[in-house]
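Inspection log for the structure reproduced underneath, given as structure tokens.
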Amino acid sequence: MNTIALSYGRGHLDIALPPDARPTVIRKQQLPKLTDGKAAVIAALHNPVASKPLADLAKNRKSACILICDITRPVPNGLFLRPMIEMMISSGIPQEKISVLVATGLHRPNLGDELAELVGDPRVLANVRVENHYARDEAAHVDFGFTRTRHTPVKLDRLFAEADLRIATGLVEPHFMAGWSGGRKVIAPGVAHHETIRTFHSARFMEDPLAVQCNLIGNPLHEEQLEIVRMLGEVYALNTVLDENRDLVCVTFGEIIASHQAAIDFVSSATQIPLSRKFSTVVTSSAGYPLDKTYYQTIKGMVTPLDILETRWHADHCLGMLGRFRFTGIPRGTGAAGRTRPRAFPGDPDGKEPRRDRRMANGDAVKADAAWQRRTLYDGPCRRRPQADRRRHDRQPATCHCSEHHGKRRPGCRRHPGGAVCRTAIRRISD
């Protein structure tokens, strides 16, 4: 019997296949490891992309703030935080004016032993101010107004926005919405206010066909992130690329947009694997710890293989928290999302679990989730409530207020998908 090992938790999970199975193993190309990661980091800091070296950037600065990803990203913070901080101090920035900010987005804060694991260097944790970002703390954000293109509210963490030298750090890999992770994404949604984050995760962005992995051209989320970076001003970034064993294969430093693109150019050919066919069954995982540490992160492992999954077949996705379950492609001709009853979770044969829990166990929800959100999530200013009042509304079909439909109740208007109307029913429920 064939056995294939998938990354799972802090180890691997062996998948036993039937004797007659003919598996196709899909994995990214191997990249040469950097034998001395710390030396590679120092070299990147001295040879930046489209900027001065860090030692020169830090001169005459009064304060500095370094962003790091939260515990759901396997970024090797222990490799680069101390060299960066030591270089800043030697260039004249007081140690007490250097801070490390955990870009939690709307995730929970990382505290105690988890924070120590995340920072990866006890000397950094003991000598430098390390804080978590709290997206719901109104006083902790600076209001930059709205983006000009899509009118996204822009509020960013005050500790980062008001620092004299601002540096984002992160991991560059395919992202199922933003195209690629790292770089500008660590700022927004990483240290953004909850209004900014919820706007990014609304149907207006998530249902866009260009908001997919490995695509930046025309990607609305990426374009908004770039606009936010420009509104913020001078920002730099250190980007890392890891292989399947979490070993460093690339590190870039420099101006945030240019250095991020340099890391993408390095890794894109290794992570995009051309295939000549689709498959009736796909078995995958969430790439192991910490990417399968929380349920939300495991969604990425389900969304990514949909492009190679034949419609009406299934994929087995190995979840770090929920074990294994099956989901199917959306049947043809089912119409709007939510009209086809989802499959229940294992242990719920009668399908009596609440819909909001059951629908994630079904592949219908994966492809149809954007359309479902279009019907259920607050996605614009409401005519009966001020724009600042961001409240959810009842799950009723959206009303198109355009002249063509004369205000008739319809499940969304394809021709007028956004703008100055509330796209859900007006009756309010809880925040």
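Just so we're on the same page: first chain in the structure tokens is A, next is B, and so on; residues restart at 1 for each chain, and ligands are numbered from 1 in the order they show up.
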Exercise for review: Enumerate as a list of chain:residue names all residues of region 219-293 of chain A assigned to strand (DSSP E or B) by DSSP on the backbone, naming them with the chain letters and numbers the document uses.
Suggested key: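 After running DSSP on the backbone, region 219-293 of chain A has strand (DSSP E or B) at A:Tyr236, A:Ala237, A:Leu238, A:Asn239, A:Thr240, A:Val241, A:Leu242, A:Leu248, A:Val249, A:Cys250, A:Val251, A:Thr252, A:Phe253, A:Gly254, A:Glu255, A:Phe279, A:Ser280, A:Thr281, A:Val282, A:Val283, A:Thr284, A:Ser285.
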For the selection just defined, write its residues with N, CA, C and O atoms to a file, as a PDB file, in the first residue's frame.
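Printed below is selection20.pdb as written:
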```pdb
ATOM      1  N   TYR A 236       9.774  50.659   4.922  1.00  0.00           N
ATOM      2  CA  TYR A 236      10.716  49.660   4.412  1.00  0.00           C
ATOM      3  C   TYR A 236      10.257  48.274   4.854  1.00  0.00           C
ATOM      4  O   TYR A 236       9.368  48.138   5.708  1.00  0.00           O
ATOM      5  N   ALA A 237      10.841  47.250   4.264  1.00  0.00           N
ATOM      6  CA  ALA A 237      10.410  45.888   4.590  1.00  0.00           C
ATOM      7  C   ALA A 237      11.557  44.911   4.474  1.00  0.00           C
ATOM      8  O   ALA A 237      12.447  45.072   3.628  1.00  0.00           O
ATOM      9  N   LEU A 238      11.516  43.895   5.325  1.00  0.00           N
ATOM     10  CA  LEU A 238      12.389  42.730   5.222  1.00  0.00           C
ATOM     11  C   LEU A 238      11.498  41.529   4.941  1.00  0.00           C
ATOM     12  O   LEU A 238      10.597  41.220   5.727  1.00  0.00           O
ATOM     13  N   ASN A 239      11.731  40.878   3.814  1.00  0.00           N
ATOM     14  CA  ASN A 239      10.890  39.766   3.374  1.00  0.00           C
ATOM     15  C   ASN A 239      11.687  38.470   3.359  1.00  0.00           C
ATOM     16  O   ASN A 239      12.839  38.450   2.908  1.00  0.00           O
ATOM     17  N   THR A 240      11.078  37.401   3.821  1.00  0.00           N
ATOM     18  CA  THR A 240      11.729  36.098   3.831  1.00  0.00           C
ATOM     19  C   THR A 240      10.951  35.110   2.973  1.00  0.00           C
ATOM     20  O   THR A 240       9.741  35.239   2.790  1.00  0.00           O
ATOM     21  N   VAL A 241      11.659  34.126   2.448  1.00  0.00           N
ATOM     22  CA  VAL A 241      11.056  33.022   1.717  1.00  0.00           C
ATOM     23  C   VAL A 241      11.591  31.740   2.325  1.00  0.00           C
ATOM     24  O   VAL A 241      12.805  31.590   2.524  1.00  0.00           O
ATOM     25  N   LEU A 242      10.693  30.795   2.638  1.00  0.00           N
ATOM     26  CA  LEU A 242      11.066  29.526   3.262  1.00  0.00           C
ATOM     27  C   LEU A 242      10.734  28.356   2.349  1.00  0.00           C
ATOM     28  O   LEU A 242       9.842  28.451   1.496  1.00  0.00           O
ATOM     29  N   LEU A 248      15.367  28.922   5.500  1.00  0.00           N
ATOM     30  CA  LEU A 248      15.442  30.158   4.740  1.00  0.00           C
ATOM     31  C   LEU A 248      16.109  29.927   3.389  1.00  0.00           C
ATOM     32  O   LEU A 248      17.186  29.336   3.306  1.00  0.00           O
ATOM     33  N   VAL A 249      15.448  30.393   2.327  1.00  0.00           N
ATOM     34  CA  VAL A 249      16.021  30.276   0.977  1.00  0.00           C
ATOM     35  C   VAL A 249      16.207  31.643   0.319  1.00  0.00           C
ATOM     36  O   VAL A 249      16.910  31.749  -0.692  1.00  0.00           O
ATOM     37  N   CYS A 250      15.589  32.690   0.873  1.00  0.00           N
ATOM     38  CA  CYS A 250      15.741  34.024   0.301  1.00  0.00           C
ATOM     39  C   CYS A 250      15.374  35.063   1.351  1.00  0.00           C
ATOM     40  O   CYS A 250      14.452  34.854   2.151  1.00  0.00           O
ATOM     41  N   VAL A 251      16.083  36.179   1.352  1.00  0.00           N
ATOM     42  CA  VAL A 251      15.747  37.306   2.212  1.00  0.00           C
ATOM     43  C   VAL A 251      16.054  38.580   1.451  1.00  0.00           C
ATOM     44  O   VAL A 251      17.114  38.699   0.821  1.00  0.00           O
ATOM     45  N   THR A 252      15.120  39.519   1.446  1.00  0.00           N
ATOM     46  CA  THR A 252      15.320  40.806   0.789  1.00  0.00           C
ATOM     47  C   THR A 252      14.993  41.922   1.773  1.00  0.00           C
ATOM     48  O   THR A 252      14.154  41.762   2.659  1.00  0.00           O
ATOM     49  N   PHE A 253      15.658  43.050   1.599  1.00  0.00           N
ATOM     50  CA  PHE A 253      15.382  44.229   2.421  1.00  0.00           C
ATOM     51  C   PHE A 253      15.416  45.462   1.524  1.00  0.00           C
ATOM     52  O   PHE A 253      16.187  45.515   0.565  1.00  0.00           O
ATOM     53  N   GLY A 254      14.575  46.444   1.849  1.00  0.00           N
ATOM     54  CA  GLY A 254      14.585  47.689   1.099  1.00  0.00           C
ATOM     55  C   GLY A 254      13.235  48.370   1.122  1.00  0.00           C
ATOM     56  O   GLY A 254      12.400  48.106   1.997  1.00  0.00           O
ATOM     57  N   GLU A 255      13.022  49.255   0.175  1.00  0.00           N
ATOM     58  CA  GLU A 255      11.728  49.933   0.047  1.00  0.00           C
ATOM     59  C   GLU A 255      10.634  48.878  -0.035  1.00  0.00           C
ATOM     60  O   GLU A 255      10.791  47.861  -0.711  1.00  0.00           O
ATOM     61  N   PHE A 279      -8.243  16.712 -11.246  1.00  0.00           N
ATOM     62  CA  PHE A 279      -8.281  15.438 -10.522  1.00  0.00           C
ATOM     63  C   PHE A 279      -9.619  15.261  -9.821  1.00  0.00           C
ATOM     64  O   PHE A 279     -10.218  16.235  -9.337  1.00  0.00           O
ATOM     65  N   SER A 280     -10.046  14.020  -9.752  1.00  0.00           N
ATOM     66  CA  SER A 280     -11.317  13.727  -9.088  1.00  0.00           C
ATOM     67  C   SER A 280     -11.184  13.757  -7.572  1.00  0.00           C
ATOM     68  O   SER A 280     -12.152  13.991  -6.861  1.00  0.00           O
ATOM     69  N   THR A 281      -9.975  13.504  -7.071  1.00  0.00           N
ATOM     70  CA  THR A 281      -9.731  13.526  -5.631  1.00  0.00           C
ATOM     71  C   THR A 281      -8.422  14.255  -5.350  1.00  0.00           C
ATOM     72  O   THR A 281      -7.414  13.965  -5.993  1.00  0.00           O
ATOM     73  N   VAL A 282      -8.462  15.165  -4.427  1.00  0.00           N
ATOM     74  CA  VAL A 282      -7.263  15.885  -4.007  1.00  0.00           C
ATOM     75  C   VAL A 282      -7.131  15.728  -2.500  1.00  0.00           C
ATOM     76  O   VAL A 282      -8.079  16.013  -1.757  1.00  0.00           O
ATOM     77  N   VAL A 283      -5.994  15.259  -2.033  1.00  0.00           N
ATOM     78  CA  VAL A 283      -5.715  15.127  -0.608  1.00  0.00           C
ATOM     79  C   VAL A 283      -4.634  16.136  -0.260  1.00  0.00           C
ATOM     80  O   VAL A 283      -3.563  16.131  -0.857  1.00  0.00           O
ATOM     81  N   THR A 284      -4.909  17.007   0.697  1.00  0.00           N
ATOM     82  CA  THR A 284      -3.956  18.062   1.022  1.00  0.00           C
ATOM     83  C   THR A 284      -4.007  18.366   2.516  1.00  0.00           C
ATOM     84  O   THR A 284      -4.779  17.758   3.256  1.00  0.00           O
ATOM     85  N   SER A 285      -3.181  19.296   2.950  1.00  0.00           N
ATOM     86  CA  SER A 285      -3.191  19.738   4.342  1.00  0.00           C
ATOM     87  C   SER A 285      -2.947  21.232   4.369  1.00  0.00           C
ATOM     88  O   SER A 285      -2.815  21.870   3.324  1.00  0.00           O
TER      89      SER A 285
END
```
Exercise for review: Give me the residues within 8 Å of region 300-305 of chain A as a list in words, counting only C-alpha atoms and dropping any in the same chain fewer than 5 places off.
Suggested key: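 Residues near the query, excluding close chain neighbours: His175, Phe176, Gln213, Val282, Thr284, Ser285, Ser286, Ala287, His317 and Val366 of chain A.
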Residue subset to file, keeping N, CA, C and O atoms, as a tab-separated table (two decimals), in the first residue's frame:
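part.tsv, freshly written:
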```
chain	number	residue	atom	x	y	z
A	175	HIS	N	-0.98	33.85	-1.48
A	175	HIS	CA	-2.09	34.15	-0.57
A	175	HIS	C	-3.38	34.11	-1.37
A	175	HIS	O	-3.47	34.67	-2.46
A	176	PHE	N	-4.39	33.45	-0.82
A	176	PHE	CA	-5.59	33.16	-1.59
A	176	PHE	C	-6.45	34.38	-1.90
A	176	PHE	O	-7.36	34.30	-2.72
A	213	GLN	N	-4.81	33.75	-5.53
A	213	GLN	CA	-3.40	33.52	-5.24
A	213	GLN	C	-2.52	33.76	-6.46
A	213	GLN	O	-2.91	33.52	-7.59
A	282	VAL	N	-8.46	15.16	-4.43
A	282	VAL	CA	-7.26	15.89	-4.01
A	282	VAL	C	-7.13	15.73	-2.50
A	282	VAL	O	-8.08	16.01	-1.76
A	284	THR	N	-4.91	17.01	0.70
A	284	THR	CA	-3.96	18.06	1.02
A	284	THR	C	-4.01	18.37	2.52
A	284	THR	O	-4.78	17.76	3.26
A	285	SER	N	-3.18	19.30	2.95
A	285	SER	CA	-3.19	19.74	4.34
A	285	SER	C	-2.95	21.23	4.37
A	285	SER	O	-2.81	21.87	3.32
A	286	SER	N	-2.85	21.79	5.55
A	286	SER	CA	-2.62	23.22	5.69
A	286	SER	C	-1.15	23.55	5.89
A	286	SER	O	-0.82	24.60	6.43
A	287	ALA	N	-0.28	22.67	5.50
A	287	ALA	CA	1.17	22.87	5.51
A	287	ALA	C	1.79	22.80	6.90
A	287	ALA	O	2.93	23.20	7.09
A	317	HIS	N	-9.23	17.11	3.04
A	317	HIS	CA	-8.34	18.13	3.58
A	317	HIS	C	-8.03	17.79	5.03
A	317	HIS	O	-8.94	17.66	5.85
A	366	VAL	N	-17.19	26.94	-0.39
A	366	VAL	CA	-15.88	27.48	-0.75
A	366	VAL	C	-16.00	28.35	-1.99
A	366	VAL	O	-15.54	29.48	-2.02
```
Point to revise | In region 110-333 of chain A, DSSP helix (DSSP H, G or I) residues written as number ranges by chain | key: A: 112-119, 122-127, 138-140, 158-161, 183-186, 194-200, 203-206, 220-232, 256-271, 295-308
Practice item. Would you kindly return, as a ChimeraX atom specification, each protein, DNA or RNA residue with an atom no farther than 7 Å from any atom of region 181-187 of chain A, considering only C-alpha atoms and excluding same-chain residues fewer than 2 positions away? Key: /A:69,103,168-175,178-179,189-192,225-226,229,237,239,256-257,260
